[in-house]
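What follows is a single structure, written as structure tokens, with notes after it.
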Amino acid sequence: MSKGLPTREEDYSAWYNELVKKADLAENSAVRGCMVIKPYGFAIWEKMQAQLDIMFKETGHQNAYFPLFIPKSYLSKEADHVEGFAKECAVVTHYRLKNDENGKGVIVDPEAKLEEELIVRPTSETVIWNSFKNWVQSYRDLPLLINQWANVVRWEMRTRLFLRTAEFLWQEGHTAHATRQEAEIEAEKMLGVYAEFVEQYMALPVLKGVKTPSERFAGALETYCIEAMMQDGKALQAGTSHFLGQNFAKAFDVKFSDKEGKLEYVWGTSWGVSTRLMGALIMAHSDDKGLVLPPNLAPTQVVIVPIYKGDEQLEAISKVANDLCADLKKKGLTWKYDDRNTHKPGWKFAEYELKGYPIRIAIGPKDLENGTVEIARRDTLEKQTYTLDDELPQKIADLIEDMQKNIYAKAHKFKSEMTSSADSYDDFKELLDTKGGFVYAHWDGTAETEERIKEETKATIRCIPLENPQEEGSCILTGKPSTQRVVFARAY
RNA sequence: CGGGGUGUAGCGCAGUCCGGUUAGCGUACCUGGUUUGGGACCAGGGGGUCGAAGGUUCGAAUCCUUCCUCCCCGACCA
């Protein structure tokens, strides 16, 4: 493993890029903007998926799968929707290649032009609502609660591993309801599921809110979001949930007979989180030595490294280690025993730090003599000697639990520290330039002001927070009256 | 998509300006031996379409043209 992870202080951006690669999470592919998610990175994503999937099913949703391709005409059925996505769509125009006449490679066969071009889905509302039309007849078919795990493509101009890639993996929930209220409850409920997941599993506190009209999902009446704070003081949108009103129902003619036999349009929601969460996880907790993973999402929670001279010692240590591993397994912990002969343990220590294994246990001859082990925890990098006895597995399980809490607490403290409020435009700009973070400030509610602040400061309104009391004030830019503070930040 | 930079072994680099043995170094990897409490040592070994395609030339990593990747800035980003 080569050295030389840049520090966050030196170059936060380079630190992130290098960390993603050096920790074996992902790498660039030959295709612009597309990433290869490597096994270690994918293992983390799979843990996220597994937990989210449980939570979706607990809230009554079922998984299904819809096609990658969307007929071009579908996209334009909802006017705002097509406008929002048109500029970043990959389009399939042909269905066949043929040999080049010069005998060098293949070319697109001009005779194999598609009658109707296909869009590679940037999101699946249209193709899904086209099915919903046939799935919904009466109020008895509602609510329709569907989720799909899929990949989508958005032709982004500037990409970064996990944070913004041309193709990414995600889940998209799509639901249809009999009443407006029920759909609104669903959208908020799923935002709550996201917040719970991100906080409890990713150990990352979030800010819940609604987007301003200009930041709203194309085709939605309301967009709810969770925003997280990264270590460089920039915000990252971690998940969104949309109340779609009857927009897609009308665009795709999805009606149901209510109890009185009256024909009504259904009400919709959609919600999603993506592999961008990986980016959030990495940026929020990691340090200059590498990844710091919350134990709940670490592919392997405990690594045991023997330190030994000769086969006899190794054998004795392995016996102790195997017993310990069996006990760890009983506690529901995942472990790895790394007895590779590597001449010096130092680089192994560094490697596991780089990859964010929560707990590292070293067992050497001294430990055998004393009946101890040395335990290092990744979050604080503290090392401590523990007695090797029946209590140890429980102590390790406790440590794991403590680490999950500690990583959250640290992130929570940071988020608090990075949250300020400003009452004048000068203070506002000063705060953004000196510390960044979330800045609560009054806004007059107009898109013009929002845009001007964005142009002048590069800060956007991340959300209108859900948990924020009404407060009389005046807009930091225009001085016009405002009834509530909104949250500004520079963002990814 | 515009401006700037970049690409040589898994990784990090030299060589390119000024064309000329068989493309080199560090590290990683493989074999044998000695070896392990924060990045071992000795000896031997394998690994390259020099980002890609054209062109100039007796001869191209090196010169010319086009294209591509990645990085930075900008525009864009439900």
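Ligands are numbered from 1 in the order shown, residues from 1 within each chain, and chains are lettered A, B, ... in the order they appear in the structure tokens.
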| task | Compile the contact shell of C67 of chain B as a list in words: residues with an atom at most 12 Å away, counting only C-alpha atoms (C1' of nucleotides), same-chain residues fewer than 2 positions apart removed. | result | G51, A52, A53, G54, U65 and U69 of chain B
| request: With a distance threshold of 8 Å and counting only C-alpha atoms (C1' of nucleotides), extract the residues of chain A near chain B and express them as a PyMOL selection string. | output: chain A and resi 1-2+30-32+84-85+156-157+215-218+307-309+341-347+349-350+364
Selection to disk with C-alpha atoms, as an mmCIF file, in the first residue's frame:
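So the final result, stored in out-v1.cif, reads:
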data_model
loop_
_atom_site.group_PDB
_atom_site.id
_atom_site.type_symbol
_atom_site.label_atom_id
_atom_site.label_comp_id
_atom_site.auth_asym_id
_atom_site.auth_seq_id
_atom_site.Cartn_x
_atom_site.Cartn_y
_atom_site.Cartn_z
ATOM 1 C CA MET A 1 0.000 0.000 0.000
ATOM 2 C CA SER A 2 1.539 3.226 -1.083
ATOM 3 C CA ALA A 30 -12.778 4.178 -19.100
ATOM 4 C CA VAL A 31 -16.130 5.874 -19.587
ATOM 5 C CA ARG A 32 -16.241 9.521 -18.663
ATOM 6 C CA GLY A 84 -35.706 19.510 -15.486
ATOM 7 C CA PHE A 85 -34.036 16.501 -17.015
ATOM 8 C CA GLU A 156 -23.362 15.533 -15.609
ATOM 9 C CA MET A 157 -20.753 17.981 -16.839
ATOM 10 C CA GLU A 215 -34.684 23.722 -5.912
ATOM 11 C CA ARG A 216 -37.738 21.502 -6.136
ATOM 12 C CA PHE A 217 -37.773 18.232 -8.051
ATOM 13 C CA ALA A 218 -38.998 18.671 -11.607
ATOM 14 C CA ILE A 307 2.466 -10.665 15.892
ATOM 15 C CA TYR A 308 4.812 -13.576 16.013
ATOM 16 C CA LYS A 309 8.212 -15.135 15.559
ATOM 17 C CA ASN A 341 3.473 -13.098 7.071
ATOM 18 C CA THR A 342 4.413 -9.520 6.369
ATOM 19 C CA HIS A 343 7.678 -9.123 8.239
ATOM 20 C CA LYS A 344 6.463 -6.084 10.141
ATOM 21 C CA PRO A 345 2.983 -5.439 11.469
ATOM 22 C CA GLY A 346 3.179 -1.683 10.960
ATOM 23 C CA TRP A 347 1.945 -1.575 7.424
ATOM 24 C CA PHE A 349 -1.987 -1.447 10.995
ATOM 25 C CA ALA A 350 -1.845 1.409 8.527
ATOM 26 C CA GLY A 364 1.713 -11.079 20.257
#
| request: Extract the full set of helix (DSSP H, G or I) residues from segment 127-210 of chain A according to DSSP on the backbone, and format it as JSON, numbers by chain. | output: {"A": [127, 128, 129, 130, 131, 132, 133, 134, 135, 139, 140, 141, 180, 181, 182, 183, 184, 185, 186, 187, 188, 189, 190, 191, 192, 193, 194, 195, 196, 197, 198, 199, 200]}
Same residues, N, CA and C atoms, saved as a compact mmCIF listing (two decimals), in the first residue's frame:
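Output contents, as saved in selection-v3.txt:
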# COMPACT_ATOMS: atom_id res chain seq x y z
N VAL A 127 -41.92 6.05 -16.65
CA VAL A 127 -42.17 4.66 -17.05
C VAL A 127 -42.97 3.94 -15.96
N ILE A 128 -42.78 4.34 -14.73
CA ILE A 128 -43.51 3.70 -13.64
C ILE A 128 -44.98 4.14 -13.62
N TRP A 129 -45.19 5.43 -13.81
CA TRP A 129 -46.58 5.90 -13.83
C TRP A 129 -47.34 5.35 -15.03
N ASN A 130 -46.61 5.06 -16.08
CA ASN A 130 -47.26 4.44 -17.23
C ASN A 130 -47.79 3.04 -16.87
N SER A 131 -47.07 2.36 -15.96
CA SER A 131 -47.57 1.08 -15.47
C SER A 131 -48.69 1.28 -14.45
N PHE A 132 -48.51 2.26 -13.59
CA PHE A 132 -49.52 2.52 -12.55
C PHE A 132 -50.91 2.69 -13.17
N LYS A 133 -50.93 3.29 -14.36
CA LYS A 133 -52.20 3.50 -15.05
C LYS A 133 -52.99 2.19 -15.14
N ASN A 134 -52.24 1.10 -15.40
CA ASN A 134 -52.92 -0.19 -15.54
C ASN A 134 -53.11 -0.90 -14.20
N TRP A 135 -52.36 -0.49 -13.21
CA TRP A 135 -52.41 -1.21 -11.93
C TRP A 135 -53.51 -0.68 -11.02
N TYR A 139 -60.21 2.31 -5.39
CA TYR A 139 -59.56 2.69 -4.13
C TYR A 139 -58.98 1.48 -3.43
N ARG A 140 -59.48 0.27 -3.77
CA ARG A 140 -58.96 -0.94 -3.15
C ARG A 140 -57.53 -1.24 -3.61
N ASP A 141 -57.13 -0.67 -4.74
CA ASP A 141 -55.76 -0.88 -5.24
C ASP A 141 -54.77 0.09 -4.59
N ARG A 180 -54.85 13.37 -1.02
CA ARG A 180 -53.72 14.29 -0.94
C ARG A 180 -52.98 14.12 0.39
N GLN A 181 -53.78 14.08 1.45
CA GLN A 181 -53.19 14.01 2.78
C GLN A 181 -52.34 12.75 2.95
N GLU A 182 -52.86 11.64 2.43
CA GLU A 182 -52.13 10.38 2.57
C GLU A 182 -50.79 10.44 1.83
N ALA A 183 -50.79 11.07 0.68
CA ALA A 183 -49.54 11.18 -0.08
C ALA A 183 -48.56 12.10 0.63
N GLU A 184 -49.07 13.16 1.20
CA GLU A 184 -48.19 14.07 1.93
C GLU A 184 -47.58 13.37 3.14
N ILE A 185 -48.39 12.58 3.82
CA ILE A 185 -47.89 11.82 4.97
C ILE A 185 -46.80 10.85 4.52
N GLU A 186 -47.04 10.20 3.39
CA GLU A 186 -46.05 9.25 2.87
C GLU A 186 -44.72 9.95 2.58
N ALA A 187 -44.78 11.08 1.92
CA ALA A 187 -43.54 11.79 1.57
C ALA A 187 -42.76 12.16 2.83
N GLU A 188 -43.49 12.62 3.84
CA GLU A 188 -42.81 12.99 5.08
C GLU A 188 -42.32 11.76 5.83
N LYS A 189 -43.11 10.71 5.78
CA LYS A 189 -42.73 9.47 6.46
C LYS A 189 -41.40 8.94 5.90
N MET A 190 -41.28 8.95 4.58
CA MET A 190 -40.08 8.40 3.97
C MET A 190 -38.87 9.30 4.22
N LEU A 191 -39.13 10.58 4.34
CA LEU A 191 -38.03 11.46 4.73
C LEU A 191 -37.55 11.06 6.13
N GLY A 192 -38.51 10.72 6.97
CA GLY A 192 -38.17 10.27 8.32
C GLY A 192 -37.38 8.98 8.30
N VAL A 193 -37.75 8.08 7.40
CA VAL A 193 -37.00 6.82 7.28
C VAL A 193 -35.55 7.12 6.87
N TYR A 194 -35.40 8.01 5.92
CA TYR A 194 -34.05 8.38 5.49
C TYR A 194 -33.25 8.98 6.64
N ALA A 195 -33.89 9.89 7.36
CA ALA A 195 -33.19 10.56 8.45
C ALA A 195 -32.77 9.53 9.51
N GLU A 196 -33.68 8.62 9.79
CA GLU A 196 -33.37 7.60 10.79
C GLU A 196 -32.21 6.72 10.32
N PHE A 197 -32.24 6.35 9.06
CA PHE A 197 -31.15 5.52 8.53
C PHE A 197 -29.82 6.25 8.59
N VAL A 198 -29.82 7.47 8.10
CA VAL A 198 -28.56 8.21 8.02
C VAL A 198 -28.01 8.47 9.43
N GLU A 199 -28.89 8.77 10.35
CA GLU A 199 -28.41 9.05 11.70
C GLU A 199 -27.99 7.80 12.44
N GLN A 200 -28.80 6.74 12.37
CA GLN A 200 -28.50 5.56 13.17
C GLN A 200 -27.47 4.64 12.55
| Please, what distance in Å, to one decimal, runs between atom CA of His94 of chain A and atom CA of Ile119 of chain A? |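 Interatomic distance, atom CA of His94 of chain A to atom CA of Ile119 of chain A: 11.7 Å.
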| task | Could you find all residues in segment 362-457 of chain A that DSSP calls strand (DSSP E) from the backbone, and write them as a list in words? | result |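 The strand (DSSP E) subset of segment 362-457 of chain A is Ala362, Ile363, Thr372, Val373, Glu374, Ile375, Ala376, Arg377, Lys383, Gln384, Thr385, Tyr386, Thr387, Thr419, Ser420, Ser421, Phe438, Val439, Tyr440, Ala441 and His442 of chain A.
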| Do you have the atom CA of Leu291 of chain A-atom CA of Gln171 of chain A distance handy? |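 Distance between the two atoms: 24.7 Å.
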| Length of the atom CA of Ile400 of chain A to atom CA of Phe56 of chain A vector [Å] |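 One can read the atom CA of Ile400 of chain A to atom CA of Phe56 of chain A distance as 25.8 Å.
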| task | Do a neighbour search on Ala26 of chain A at 12 Å with only C-alpha atoms (C1' of nucleotides), toss out local chain neighbours closer than 5 positions, and write the hits as a PyMOL selection string. | result | chain A and resi 16-21+34-45+160-163+165+275+278-279+282
| query | Which of these, A:Val254, A:Ala112, A:Ala409, A:Ile461, has the shortest distance to Val439 of chain A once you count only C-alpha atoms? | reply |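 Once distances to Val439 of chain A are computed over only C-alpha atoms, the minimum belongs to A:Ile461.
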Which residues are near segment 14-23 of chain B? Cut-off 7 Å, only C-alpha atoms (C1' of nucleotides), ignore same chain within fewer than 6 positions. Put them as a tab-separated table (two decimals) with C-alpha atoms (C1' of nucleotides), in the first residue's frame.
chain	number	residue	atom	x	y	z
B	59	G	C1'	14.20	4.94	-37.23
B	60	A	C1'	9.04	7.80	-32.75
B	62	U	C1'	10.14	11.75	-27.96
| query | Which neighbours of Tyr265 of chain A fall inside 8 Å, counting only C-alpha atoms (C1' of nucleotides), when residues of the same chain fewer than 6 positions from it are skipped, and could you give them as a list in words? | reply |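 In the requested format, the answer is Ala178, Gln246, Ala249, Lys250, Asp253, Val254, Lys255 and Phe256 of chain A.
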| From the list A:Thr179, A:Val136, A:Lys355, A:Ile54, which residue is nearest Asp24 of chain A when using only C-alpha atoms? | A:Lys355
